[in-house]
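What follows is a single structure, written as structure tokens, with notes after it.
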Amino acid sequence: MLDNTTYKIFLVDDDEIDAMAFERTLKKTGLEYALTHCKNANEALEQINQVQYDCIFLDYQLPGSDGLVLLKKIKELGIAAPIAVMTSQGDEKIAVEMMKAGAFEYFPKAEVTPDNIQRIIRAGMRMRDIEVKKSNAERLLKENSDRLKTILESTRALIFSIDRNFRYTAFNTIYHRTISELYTIEPELGLHATYDFSYETDRVFIQNCFNRALAGEHFGVTEEFGDREKCSVFYELSFNPIIDEFGNVSGVAIYGQDFTEKKKLEREILESKFEAERTAKAKSEFLSNMSHEIRTPMNAIIGLSELLLKESLTDKQLENLKSIKYSADNLLVIINDILDFSKIESGKIEFESINFDLFSKVQEIRKTFIFKAEEKGIGLKFQVDERISPFVIGDPFRLNQILLNLLSNAVKFTKEGTVSLIVDLVSEDEENVEIKFNIVDTGIGIPKDKLASVFESYTQAYTDITRRFGGTGLGLAITRQLVTMQNGQINIESEPGKGSTFSVTLQFQKGVADSQATVDEQIAEMLEKRDFDGMSVLLVEDNVMNQFVAHQVLELWNIKVDFANDGLEATDKLKVNDYALVLMDLQMPVMSGYEATAFIRDKTNKLRNPEIPIIALTADAFPETKKKVMEEGMNDFVTKPLEQNDLYNKIKLHALKTVKVK
Ligand code: ADP
């Protein structure tokens with residue numbers, strides 16, 4: 001086999017004759033060659049180190065050294081040239097040793113034939129090619145693994161991999177450090193990874209994840225690891241099955257990112273949210289309690305001034321008393337607003353579904369404003385769309401509140417012109433009716449940039465003007481809530497100096513006409529003579545001022561009043577005395593109104609009349625309080641400050657069975 005390559009051959013042989021014979025044979029191979037011959041081991045080493053030879057033939061027996069020592073030295077220098085060893089006699093032991101030391105061929109000098117030499121040179125060349133390729137591949141592999149290692153180490157994430165037997169095949173320093181710190185166990189390549197997770201919950205969790213990934217599933221999880229009480233960390237881990245060349249899962253690579261800071265932040269946000277909610281609730285409760293507390297003395301002020309108004313007074317006294325009553329009424333509106341607002345804020349508001357006469361309601365509201373409008377010298381116009389049928393089902397109490405709020409504002413902010421309430425039918429079907437209430441005024445109006453904010457709590461359009469007009473800035477916030485909570489809409493159009501229009505659209509179910517007395521009839525009834533002919537009533541009330549006011553009112557109607565300062569006293573009295581009915585305060589020391597009622601109604605307690613009518617005296621008029629009062633076994637309720645007509649009507653209604661009213 002001929003080619004054009006010139007082979008650089010190096011021969012180490014101390015025997016001149018053998019060397020000449022070798023060259024002769026080499027010539028006969030027909031290969032192009034350049035032969036360098038060296039007799040001495042040291043010289044040979046120097047030469048080989050300087051020139052890159054294609055093939056080295058080495059005589060085993062050399063003076064001062066043997067072939068094996070030289071061979072080892074050549075290899076130590078990292079010489080890549082293939083080395084064939086020749087000797088005079090065949091010796092298997094030497095052959096094995098030489099091959100072990102890195103020779104690729106061993107042959108007796110007797111076999112130095114052209115064919116053999118040619119074969120050896122070619123095999124050597126092939127060998128060297130393979131060696132070069134191998135070392136290139138090794139270099140590439142090393143470069144690659146260095147690169148990978150750099151990547152593994154340059155991330156702040158934790159990376160590790162396991163084989164099918166859960167043994168580590170790799171991990172980065174971060175992983176090593178994290179595990180060591182968390183579990184005081186040092187991970188080691190080739191050892192079982194699961195055992196490093198030394199907390200039971202962590203071990204079970206990770207084992208589970210390994211199994212899922214080994215079954216071929218790719219997935220991510222976020223989990224807390226370590227001592228939950230002292231030092232735990234959150235990690236977002238992704239599990240990735242490693243697939244081998246046959247498509248089988250040979251292990252799992254896991255990538256983990258520290259999530260602890262984020263989790264901490266999340267917790268802090270959550271905690272501050274709770275805190276904010278707690279504060280809001282505390283604020284709400286405070287407002288609610290405070291207005292509750294203020295209502296008690298208000299009860300006395302309003303009740304007593306109403307009583308005084310009936311006495312014969314000088315003009316001056318009457319005027320002063322009217323001022324007291326007017327101020328007290330105003331204060332009560334504010335307190336009610338605050339109470340309402342805090343109830344709305346804490347979501348404690350419910351709506352009634354009552355059949356009521358919308359026309360009468362509007363009439364009633366009109367009457368409330370006639371006097372005020374006349375006083376201010378402005379017109380008052382009320383107009384109801386004739387197509388609307390008067391009876392609807394909804395919450396008359398809240399409708400009243402909405403319209404009163406808007407009309408009070410309209411009257412308050414109008415100096416001249418007219419305030420109107422225009423009630424329009426928007427749409428109706430067989431069951432429902434949609435009604436729009438327009439409250440139109442010709443007052444000071446609201447600047448455009450304030451239109452959106454007037455509905456916010458504590459907001460007033462003009463702070464300077466408001467001081468002149470008064471108000472808390474809660475009215476519209478409450479009104480809007482009351483409207484939207486009933487799925488209605490509230491809109492506002494306004495032009496400064498010209499006036500404002502507030503429109504409220506509400507849906508009602510269609511109602512049925514009932515035979516209830518009209519407002520006028522009710523008023524007529526109220527005017528009738530009130531005399532209960534010395535009927536006996538038990539008043540259960542802990543507040544002395546409230547006792548005093550109620551006593552004054554009840555005496556006026558010729559009612560004999562007996563007092564109990566708390567629920568327990570009341571039940572004691574009901575064991576021995578007969579009364580036509582009980583007026584029961586709810587919040588009292590020792591035994592509350594609710595507890596006392598339960599005790600009275602329980603027949604095993606053997607009170608004289610377990611079915612005696614009980615009217616609750618409540619501080620608020622909310623449907624939920626009313627509901628509770630009824631559920632607890634009371635018959636009715638009146639709100640404090642006592643509204644005389646209401647109290648009279650309810651006493652009359654419930655006492656009717658036992659006492660004849662004159
Ligand atoms: P306030 O108790 O102060 O009246 P509201 O929430 O009822 O609180 O009203 C908020 C503000 O909106 C008022 O202070 C006033 O500036 C403005 N406003 C409300 N209604 C009218 C109106 N009809 N005309 C002009 N300004 C109004």
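If you're wondering about the labels, chains in the structure tokens are A, B, ... by order shown, residues count from 1 in each chain, ligands from 1 in order shown.
Residues with any atom within 12 Å of A:Ala477, counting only C-alpha atoms and excluding same-chain neighbours fewer than 4 positions away, are Asp337, Ile338, Asp340, Phe341, Ser342, Ile344, Glu345, Ile402, Asn405, Leu406, Ala452, Ser453, Val454, Phe455, Glu456, Ser457, Tyr458, Thr459, Gln460, Thr472, Gly473, Gln481, Leu482, Val483, Thr484 and Ile490 of chain A.
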### Task
Skip A:Tyr255 itself and residues of its chain fewer than 3 positions away, then list as a list in words all residues within 12 Å of it, counting only C-alpha atoms.
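Non-adjacent residues within range: Leu152, Thr155, Arg156, Ala157, Leu158, Ile159, Phe160, Ser161, Ile162, Ala170, Phe171, Asn172, Ile174, Tyr175, His218, Phe219, Gly220, Val221, Thr222, Tyr235, Glu236, Leu237, Ser238, Phe239, Asn240, Pro241, Val252 and Asp258 of chain A.
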Let's have the selection written as a PDB file, in the first residue's frame, with N, CA and C atoms.
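What landed in out.pdb:
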ATOM      1  N   LEU A 152     -23.306  25.880  36.719  1.00  0.00           N
ATOM      2  CA  LEU A 152     -23.911  25.364  37.954  1.00  0.00           C
ATOM      3  C   LEU A 152     -23.560  26.237  39.147  1.00  0.00           C
ATOM      4  N   THR A 155     -24.970  30.260  39.406  1.00  0.00           N
ATOM      5  CA  THR A 155     -26.366  30.593  39.686  1.00  0.00           C
ATOM      6  C   THR A 155     -26.598  30.602  41.194  1.00  0.00           C
ATOM      7  N   ARG A 156     -27.609  31.375  41.597  1.00  0.00           N
ATOM      8  CA  ARG A 156     -27.941  31.358  43.022  1.00  0.00           C
ATOM      9  C   ARG A 156     -28.974  30.279  43.318  1.00  0.00           C
ATOM     10  N   ALA A 157     -29.364  29.600  42.238  1.00  0.00           N
ATOM     11  CA  ALA A 157     -30.327  28.517  42.421  1.00  0.00           C
ATOM     12  C   ALA A 157     -29.590  27.269  42.884  1.00  0.00           C
ATOM     13  N   LEU A 158     -30.356  26.351  43.452  1.00  0.00           N
ATOM     14  CA  LEU A 158     -29.726  25.116  43.874  1.00  0.00           C
ATOM     15  C   LEU A 158     -30.067  24.030  42.865  1.00  0.00           C
ATOM     16  N   ILE A 159     -29.000  23.302  42.433  1.00  0.00           N
ATOM     17  CA  ILE A 159     -29.191  22.323  41.371  1.00  0.00           C
ATOM     18  C   ILE A 159     -28.588  20.999  41.810  1.00  0.00           C
ATOM     19  N   PHE A 160     -29.334  19.929  41.634  1.00  0.00           N
ATOM     20  CA  PHE A 160     -28.755  18.616  41.893  1.00  0.00           C
ATOM     21  C   PHE A 160     -29.465  17.563  41.060  1.00  0.00           C
ATOM     22  N   SER A 161     -28.809  16.423  40.934  1.00  0.00           N
ATOM     23  CA  SER A 161     -29.447  15.358  40.166  1.00  0.00           C
ATOM     24  C   SER A 161     -29.226  14.032  40.877  1.00  0.00           C
ATOM     25  N   ILE A 162     -30.145  13.106  40.620  1.00  0.00           N
ATOM     26  CA  ILE A 162     -30.047  11.776  41.232  1.00  0.00           C
ATOM     27  C   ILE A 162     -30.248  10.719  40.145  1.00  0.00           C
ATOM     28  N   ALA A 170     -24.932  14.575  40.787  1.00  0.00           N
ATOM     29  CA  ALA A 170     -24.300  15.902  40.759  1.00  0.00           C
ATOM     30  C   ALA A 170     -25.020  16.832  41.722  1.00  0.00           C
ATOM     31  N   PHE A 171     -24.307  17.847  42.182  1.00  0.00           N
ATOM     32  CA  PHE A 171     -24.961  18.951  42.889  1.00  0.00           C
ATOM     33  C   PHE A 171     -24.025  20.139  42.887  1.00  0.00           C
ATOM     34  N   ASN A 172     -24.566  21.323  43.011  1.00  0.00           N
ATOM     35  CA  ASN A 172     -23.686  22.494  43.055  1.00  0.00           C
ATOM     36  C   ASN A 172     -23.409  22.896  44.505  1.00  0.00           C
ATOM     37  N   ILE A 174     -24.093  25.559  46.141  1.00  0.00           N
ATOM     38  CA  ILE A 174     -25.244  26.133  46.859  1.00  0.00           C
ATOM     39  C   ILE A 174     -26.076  25.013  47.467  1.00  0.00           C
ATOM     40  N   TYR A 175     -26.258  23.953  46.680  1.00  0.00           N
ATOM     41  CA  TYR A 175     -27.044  22.831  47.189  1.00  0.00           C
ATOM     42  C   TYR A 175     -26.358  22.245  48.418  1.00  0.00           C
ATOM     43  N   HIS A 218     -42.801  15.842  34.611  1.00  0.00           N
ATOM     44  CA  HIS A 218     -42.129  17.136  34.802  1.00  0.00           C
ATOM     45  C   HIS A 218     -43.039  17.972  35.667  1.00  0.00           C
ATOM     46  N   PHE A 219     -42.560  18.558  36.735  1.00  0.00           N
ATOM     47  CA  PHE A 219     -43.480  19.386  37.530  1.00  0.00           C
ATOM     48  C   PHE A 219     -42.731  20.350  38.437  1.00  0.00           C
ATOM     49  N   GLY A 220     -43.464  21.309  38.957  1.00  0.00           N
ATOM     50  CA  GLY A 220     -42.895  22.285  39.884  1.00  0.00           C
ATOM     51  C   GLY A 220     -43.706  22.324  41.163  1.00  0.00           C
ATOM     52  N   VAL A 221     -43.047  22.606  42.287  1.00  0.00           N
ATOM     53  CA  VAL A 221     -43.753  22.703  43.571  1.00  0.00           C
ATOM     54  C   VAL A 221     -43.106  23.822  44.393  1.00  0.00           C
ATOM     55  N   THR A 222     -43.885  24.366  45.306  1.00  0.00           N
ATOM     56  CA  THR A 222     -43.300  25.290  46.280  1.00  0.00           C
ATOM     57  C   THR A 222     -43.515  24.668  47.644  1.00  0.00           C
ATOM     58  N   TYR A 235     -38.723  26.859  49.100  1.00  0.00           N
ATOM     59  CA  TYR A 235     -38.108  26.659  47.801  1.00  0.00           C
ATOM     60  C   TYR A 235     -39.145  26.342  46.746  1.00  0.00           C
ATOM     61  N   GLU A 236     -38.883  26.936  45.567  1.00  0.00           N
ATOM     62  CA  GLU A 236     -39.703  26.602  44.416  1.00  0.00           C
ATOM     63  C   GLU A 236     -38.865  25.598  43.643  1.00  0.00           C
ATOM     64  N   LEU A 237     -39.302  24.339  43.572  1.00  0.00           N
ATOM     65  CA  LEU A 237     -38.469  23.299  42.966  1.00  0.00           C
ATOM     66  C   LEU A 237     -39.094  22.829  41.663  1.00  0.00           C
ATOM     67  N   SER A 238     -38.224  22.598  40.658  1.00  0.00           N
ATOM     68  CA  SER A 238     -38.768  21.964  39.463  1.00  0.00           C
ATOM     69  C   SER A 238     -38.053  20.639  39.254  1.00  0.00           C
ATOM     70  N   PHE A 239     -38.832  19.614  39.029  1.00  0.00           N
ATOM     71  CA  PHE A 239     -38.316  18.251  38.883  1.00  0.00           C
ATOM     72  C   PHE A 239     -38.360  17.866  37.407  1.00  0.00           C
ATOM     73  N   ASN A 240     -37.194  17.443  36.889  1.00  0.00           N
ATOM     74  CA  ASN A 240     -37.106  17.135  35.457  1.00  0.00           C
ATOM     75  C   ASN A 240     -36.503  15.763  35.243  1.00  0.00           C
ATOM     76  N   PRO A 241     -37.266  14.833  34.714  1.00  0.00           N
ATOM     77  CA  PRO A 241     -36.728  13.501  34.448  1.00  0.00           C
ATOM     78  C   PRO A 241     -35.587  13.587  33.426  1.00  0.00           C
ATOM     79  N   VAL A 252     -33.136  12.105  37.752  1.00  0.00           N
ATOM     80  CA  VAL A 252     -33.924  13.321  37.850  1.00  0.00           C
ATOM     81  C   VAL A 252     -32.984  14.499  38.094  1.00  0.00           C
ATOM     82  N   ASP A 258     -34.746  29.829  45.807  1.00  0.00           N
ATOM     83  CA  ASP A 258     -35.112  30.274  47.148  1.00  0.00           C
ATOM     84  C   ASP A 258     -36.301  31.229  47.053  1.00  0.00           C
TER      85      ASP A 258
END
Could you pull out the alpha helix (DSSP H) residues of stretch 375-608 of chain A from DSSP and send them as an mmCIF file with N, CA and C atoms, in the first residue's frame?
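This went into result.cif:
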data_model
loop_
_atom_site.group_PDB
_atom_site.id
_atom_site.type_symbol
_atom_site.label_atom_id
_atom_site.label_comp_id
_atom_site.auth_asym_id
_atom_site.auth_seq_id
_atom_site.Cartn_x
_atom_site.Cartn_y
_atom_site.Cartn_z
ATOM 1 N N GLU A 375 -89.546 78.288 55.426
ATOM 2 C CA GLU A 375 -88.637 79.062 56.261
ATOM 3 C C GLU A 375 -87.524 79.702 55.426
ATOM 4 N N LYS A 376 -87.050 78.955 54.436
ATOM 5 C CA LYS A 376 -85.963 79.475 53.603
ATOM 6 C C LYS A 376 -86.474 80.313 52.432
ATOM 7 N N PRO A 396 -88.915 50.490 52.668
ATOM 8 C CA PRO A 396 -89.378 51.869 52.779
ATOM 9 C C PRO A 396 -88.481 52.701 53.698
ATOM 10 N N PHE A 397 -87.919 52.011 54.709
ATOM 11 C CA PHE A 397 -87.071 52.699 55.669
ATOM 12 C C PHE A 397 -85.834 53.276 54.971
ATOM 13 N N ARG A 398 -85.213 52.434 54.122
ATOM 14 C CA ARG A 398 -84.000 52.887 53.402
ATOM 15 C C ARG A 398 -84.338 53.901 52.305
ATOM 16 N N LEU A 399 -85.493 53.704 51.653
ATOM 17 C CA LEU A 399 -85.891 54.669 50.622
ATOM 18 C C LEU A 399 -86.060 56.043 51.260
ATOM 19 N N ASN A 400 -86.705 56.036 52.423
ATOM 20 C CA ASN A 400 -86.911 57.249 53.187
ATOM 21 C C ASN A 400 -85.570 57.919 53.481
ATOM 22 N N GLN A 401 -84.634 57.103 53.932
ATOM 23 C CA GLN A 401 -83.314 57.611 54.300
ATOM 24 C C GLN A 401 -82.608 58.238 53.081
ATOM 25 N N ILE A 402 -82.693 57.551 51.940
ATOM 26 C CA ILE A 402 -82.040 58.032 50.717
ATOM 27 C C ILE A 402 -82.629 59.374 50.295
ATOM 28 N N LEU A 403 -83.968 59.413 50.238
ATOM 29 C CA LEU A 403 -84.612 60.639 49.760
ATOM 30 C C LEU A 403 -84.439 61.786 50.753
ATOM 31 N N LEU A 404 -84.513 61.475 52.047
ATOM 32 C CA LEU A 404 -84.317 62.524 53.055
ATOM 33 C C LEU A 404 -82.921 63.120 52.944
ATOM 34 N N ASN A 405 -81.930 62.260 52.773
ATOM 35 C CA ASN A 405 -80.550 62.724 52.649
ATOM 36 C C ASN A 405 -80.405 63.673 51.479
ATOM 37 N N LEU A 406 -80.896 63.240 50.306
ATOM 38 C CA LEU A 406 -80.709 64.032 49.096
ATOM 39 C C LEU A 406 -81.507 65.334 49.150
ATOM 40 N N LEU A 407 -82.736 65.228 49.696
ATOM 41 C CA LEU A 407 -83.561 66.438 49.779
ATOM 42 C C LEU A 407 -83.002 67.412 50.819
ATOM 43 N N SER A 408 -82.483 66.886 51.929
ATOM 44 C CA SER A 408 -81.894 67.781 52.944
ATOM 45 C C SER A 408 -80.735 68.541 52.344
ATOM 46 N N ASN A 409 -79.892 67.821 51.572
ATOM 47 C CA ASN A 409 -78.776 68.498 50.915
ATOM 48 C C ASN A 409 -79.287 69.571 49.964
ATOM 49 N N ALA A 410 -80.293 69.190 49.157
ATOM 50 C CA ALA A 410 -80.821 70.126 48.162
ATOM 51 C C ALA A 410 -81.324 71.388 48.852
ATOM 52 N N VAL A 411 -82.093 71.216 49.925
ATOM 53 C CA VAL A 411 -82.630 72.377 50.645
ATOM 54 C C VAL A 411 -81.488 73.154 51.294
ATOM 55 N N LYS A 412 -80.534 72.391 51.861
ATOM 56 C CA LYS A 412 -79.416 73.030 52.565
ATOM 57 C C LYS A 412 -78.598 73.931 51.634
ATOM 58 N N THR A 463 -64.988 73.270 51.435
ATOM 59 C CA THR A 463 -64.786 73.178 52.883
ATOM 60 C C THR A 463 -65.227 74.446 53.593
ATOM 61 N N ASP A 464 -65.018 75.591 52.935
ATOM 62 C CA ASP A 464 -65.404 76.843 53.593
ATOM 63 C C ASP A 464 -66.916 76.972 53.687
ATOM 64 N N ILE A 465 -67.583 76.627 52.580
ATOM 65 C CA ILE A 465 -69.045 76.746 52.552
ATOM 66 C C ILE A 465 -69.672 75.788 53.545
ATOM 67 N N THR A 466 -69.078 74.590 53.612
ATOM 68 C CA THR A 466 -69.669 73.579 54.472
ATOM 69 C C THR A 466 -69.707 74.038 55.914
ATOM 70 N N ARG A 467 -68.679 74.750 56.297
ATOM 71 C CA ARG A 467 -68.671 75.233 57.670
ATOM 72 C C ARG A 467 -69.921 76.087 57.921
ATOM 73 N N ARG A 468 -70.297 76.796 56.852
ATOM 74 C CA ARG A 468 -71.500 77.618 56.966
ATOM 75 C C ARG A 468 -72.759 76.743 57.016
ATOM 76 N N PHE A 469 -72.728 75.646 56.241
ATOM 77 C CA PHE A 469 -73.927 74.803 56.124
ATOM 78 C C PHE A 469 -73.955 73.645 57.111
ATOM 79 N N GLY A 475 -73.262 61.796 54.493
ATOM 80 C CA GLY A 475 -74.595 61.591 53.919
ATOM 81 C C GLY A 475 -74.576 60.943 52.549
ATOM 82 N N LEU A 476 -73.794 61.497 51.622
ATOM 83 C CA LEU A 476 -73.791 60.965 50.257
ATOM 84 C C LEU A 476 -73.105 59.606 50.189
ATOM 85 N N ALA A 477 -72.077 59.405 51.023
ATOM 86 C CA ALA A 477 -71.405 58.098 51.042
ATOM 87 C C ALA A 477 -72.402 57.019 51.451
ATOM 88 N N ILE A 478 -73.191 57.325 52.483
ATOM 89 C CA ILE A 478 -74.198 56.365 52.943
ATOM 90 C C ILE A 478 -75.263 56.168 51.874
ATOM 91 N N THR A 479 -75.720 57.300 51.316
ATOM 92 C CA THR A 479 -76.764 57.226 50.304
ATOM 93 C C THR A 479 -76.335 56.341 49.140
ATOM 94 N N ARG A 480 -75.118 56.580 48.662
ATOM 95 C CA ARG A 480 -74.670 55.771 47.523
ATOM 96 C C ARG A 480 -74.615 54.281 47.889
ATOM 97 N N GLN A 481 -74.109 54.000 49.082
ATOM 98 C CA GLN A 481 -74.033 52.598 49.518
ATOM 99 C C GLN A 481 -75.420 51.972 49.569
ATOM 100 N N LEU A 482 -76.363 52.728 50.140
ATOM 101 C CA LEU A 482 -77.722 52.194 50.275
ATOM 102 C C LEU A 482 -78.334 51.919 48.907
ATOM 103 N N VAL A 483 -77.987 52.768 47.943
ATOM 104 C CA VAL A 483 -78.532 52.586 46.591
ATOM 105 C C VAL A 483 -77.863 51.386 45.911
ATOM 106 N N THR A 484 -76.537 51.369 45.942
ATOM 107 C CA THR A 484 -75.847 50.309 45.190
ATOM 108 C C THR A 484 -76.051 48.942 45.833
ATOM 109 N N VAL A 519 -101.626 57.623 55.623
ATOM 110 C CA VAL A 519 -100.877 58.463 56.549
ATOM 111 C C VAL A 519 -101.805 59.445 57.256
ATOM 112 N N ASP A 520 -102.720 59.996 56.493
ATOM 113 C CA ASP A 520 -103.632 60.975 57.096
ATOM 114 C C ASP A 520 -104.450 60.352 58.215
ATOM 115 N N GLU A 521 -104.909 59.136 57.921
ATOM 116 C CA GLU A 521 -105.699 58.455 58.958
ATOM 117 C C GLU A 521 -104.848 58.191 60.195
ATOM 118 N N GLN A 522 -103.589 57.819 59.924
ATOM 119 C CA GLN A 522 -102.699 57.547 61.051
ATOM 120 C C GLN A 522 -102.523 58.804 61.903
ATOM 121 N N ILE A 523 -102.379 59.935 61.202
ATOM 122 C CA ILE A 523 -102.188 61.182 61.946
ATOM 123 C C ILE A 523 -103.440 61.496 62.770
ATOM 124 N N ALA A 524 -104.590 61.286 62.138
ATOM 125 C CA ALA A 524 -105.842 61.540 62.844
ATOM 126 C C ALA A 524 -105.920 60.673 64.100
ATOM 127 N N GLU A 525 -105.501 59.430 63.926
ATOM 128 C CA GLU A 525 -105.551 58.486 65.036
ATOM 129 C C GLU A 525 -104.644 58.955 66.177
ATOM 130 N N MET A 526 -103.490 59.492 65.756
ATOM 131 C CA MET A 526 -102.532 59.942 66.757
ATOM 132 C C MET A 526 -103.090 61.068 67.610
ATOM 133 N N VAL A 544 -80.953 55.635 84.564
ATOM 134 C CA VAL A 544 -81.914 56.391 85.361
ATOM 135 C C VAL A 544 -82.565 57.507 84.535
ATOM 136 N N MET A 545 -81.761 58.113 83.674
ATOM 137 C CA MET A 545 -82.271 59.204 82.831
ATOM 138 C C MET A 545 -83.361 58.667 81.896
ATOM 139 N N ASN A 546 -83.077 57.514 81.298
ATOM 140 C CA ASN A 546 -84.069 56.911 80.405
ATOM 141 C C ASN A 546 -85.337 56.535 81.167
ATOM 142 N N GLN A 547 -85.144 56.029 82.383
ATOM 143 C CA GLN A 547 -86.305 55.676 83.223
ATOM 144 C C GLN A 547 -87.168 56.916 83.430
ATOM 145 N N PHE A 548 -86.491 57.999 83.735
ATOM 146 C CA PHE A 548 -87.181 59.251 84.031
ATOM 147 C C PHE A 548 -88.011 59.725 82.829
ATOM 148 N N VAL A 549 -87.349 59.722 81.646
ATOM 149 C CA VAL A 549 -88.042 60.205 80.447
ATOM 150 C C VAL A 549 -89.244 59.319 80.137
ATOM 151 N N ALA A 550 -89.004 57.994 80.149
ATOM 152 C CA ALA A 550 -90.094 57.075 79.808
ATOM 153 C C ALA A 550 -91.242 57.227 80.801
ATOM 154 N N HIS A 551 -90.883 57.399 82.046
ATOM 155 C CA HIS A 551 -91.903 57.539 83.086
ATOM 156 C C HIS A 551 -92.797 58.751 82.808
ATOM 157 N N GLN A 552 -92.142 59.860 82.448
ATOM 158 C CA GLN A 552 -92.879 61.085 82.139
ATOM 159 C C GLN A 552 -93.882 60.839 81.012
ATOM 160 N N VAL A 553 -93.406 60.187 79.971
ATOM 161 C CA VAL A 553 -94.260 59.945 78.808
ATOM 162 C C VAL A 553 -95.421 59.026 79.183
ATOM 163 N N LEU A 554 -95.086 57.935 79.879
ATOM 164 C CA LEU A 554 -96.109 56.933 80.187
ATOM 165 C C LEU A 554 -97.168 57.487 81.142
ATOM 166 N N GLU A 555 -96.727 58.300 82.062
ATOM 167 C CA GLU A 555 -97.641 58.920 83.025
ATOM 168 C C GLU A 555 -98.669 59.788 82.305
ATOM 169 N N LEU A 556 -98.179 60.444 81.266
ATOM 170 C CA LEU A 556 -99.029 61.303 80.457
ATOM 171 C C LEU A 556 -100.216 60.527 79.893
ATOM 172 N N GLY A 567 -82.461 42.776 84.074
ATOM 173 C CA GLY A 567 -83.291 41.639 83.715
ATOM 174 C C GLY A 567 -83.659 40.778 84.910
ATOM 175 N N LEU A 568 -82.719 40.617 85.820
ATOM 176 C CA LEU A 568 -82.952 39.746 86.970
ATOM 177 C C LEU A 568 -84.050 40.315 87.869
ATOM 178 N N GLU A 569 -83.949 41.629 88.116
ATOM 179 C CA GLU A 569 -84.967 42.300 88.923
ATOM 180 C C GLU A 569 -86.321 42.156 88.261
ATOM 181 N N ALA A 570 -86.324 42.259 86.929
ATOM 182 C CA ALA A 570 -87.576 42.167 86.178
ATOM 183 C C ALA A 570 -88.210 40.795 86.384
ATOM 184 N N THR A 571 -87.411 39.736 86.261
ATOM 185 C CA THR A 571 -87.984 38.390 86.388
ATOM 186 C C THR A 571 -88.504 38.175 87.807
ATOM 187 N N ASP A 572 -87.800 38.745 88.791
ATOM 188 C CA ASP A 572 -88.274 38.625 90.185
ATOM 189 C C ASP A 572 -89.644 39.270 90.333
ATOM 190 N N LYS A 573 -89.788 40.466 89.735
ATOM 191 C CA LYS A 573 -91.061 41.179 89.865
ATOM 192 C C LYS A 573 -92.173 40.449 89.117
ATOM 193 N N LEU A 574 -91.801 39.834 87.977
ATOM 194 C CA LEU A 574 -92.818 39.140 87.178
ATOM 195 C C LEU A 574 -93.281 37.842 87.838
ATOM 196 N N LYS A 575 -92.552 37.416 88.860
ATOM 197 C CA LYS A 575 -92.980 36.218 89.591
ATOM 198 C C LYS A 575 -94.122 36.544 90.546
ATOM 199 N N VAL A 576 -94.157 37.813 90.995
ATOM 200 C CA VAL A 576 -95.137 38.162 92.028
ATOM 201 C C VAL A 576 -96.204 39.156 91.571
ATOM 202 N N GLY A 593 -81.645 42.110 78.263
ATOM 203 C CA GLY A 593 -83.040 42.006 77.850
ATOM 204 C C GLY A 593 -83.330 40.690 77.150
ATOM 205 N N TYR A 594 -82.360 40.229 76.356
ATOM 206 C CA TYR A 594 -82.532 38.964 75.633
ATOM 207 C C TYR A 594 -82.622 37.803 76.623
ATOM 208 N N GLU A 595 -81.705 37.817 77.615
ATOM 209 C CA GLU A 595 -81.694 36.724 78.604
ATOM 210 C C GLU A 595 -82.965 36.728 79.436
ATOM 211 N N ALA A 596 -83.379 37.948 79.821
ATOM 212 C CA ALA A 596 -84.580 38.056 80.643
ATOM 213 C C ALA A 596 -85.790 37.521 79.878
ATOM 214 N N THR A 597 -85.865 37.856 78.579
ATOM 215 C CA THR A 597 -86.990 37.395 77.763
ATOM 216 C C THR A 597 -87.013 35.870 77.697
ATOM 217 N N ALA A 598 -85.834 35.290 77.480
ATOM 218 C CA ALA A 598 -85.761 33.833 77.407
ATOM 219 C C ALA A 598 -86.256 33.223 78.714
ATOM 220 N N PHE A 599 -85.882 33.867 79.825
ATOM 221 C CA PHE A 599 -86.274 33.361 81.140
ATOM 222 C C PHE A 599 -87.785 33.460 81.342
ATOM 223 N N ILE A 600 -88.332 34.603 80.919
ATOM 224 C CA ILE A 600 -89.782 34.827 81.085
ATOM 225 C C ILE A 600 -90.575 33.807 80.265
ATOM 226 N N ARG A 601 -90.118 33.592 79.016
ATOM 227 C CA ARG A 601 -90.861 32.704 78.108
ATOM 228 C C ARG A 601 -90.767 31.224 78.514
#
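Shortest atom-to-atom contact with ligand 1 among A:Leu506, A:Met20, A:Ile439, A:Ala655: A:Ile439, counting only C-alpha atoms and all ligand atoms.
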#### Entry: d(atom CA of A:Val504, atom CA of A:Gly377) in Å
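That distance, rounded to one decimal, is 26.2 Å.
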### Query
If you run DSSP on the backbone, which residues of stretch 385-634 of chain A are strand (DSSP E), as a count of residues only?
66
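The coordinates place atom CA of A:Ile370 at 23.7 Å from atom CA of A:Gly303.
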Close residues, A:Lys325 itself excluded, 8 Å, only C-alpha atoms, min 6 positions apart in chain, as a short mmCIF file (atom, residue, chain, number, x, y, z; two decimals) with N, CA and C atoms, in the first residue's frame:
data_model
loop_
_atom_site.label_atom_id
_atom_site.label_comp_id
_atom_site.auth_asym_id
_atom_site.auth_seq_id
_atom_site.Cartn_x
_atom_site.Cartn_y
_atom_site.Cartn_z
N ILE A 301 -82.60 64.19 76.36
CA ILE A 301 -82.75 65.59 75.91
C ILE A 301 -83.98 65.74 75.02
N ILE A 302 -84.09 64.84 74.03
CA ILE A 302 -85.21 64.96 73.09
C ILE A 302 -86.54 64.68 73.79
N SER A 305 -87.46 67.52 76.14
CA SER A 305 -87.88 68.78 75.49
C SER A 305 -89.24 68.60 74.84
N GLU A 306 -89.53 67.39 74.36
CA GLU A 306 -90.87 67.15 73.81
C GLU A 306 -91.93 67.31 74.90
#
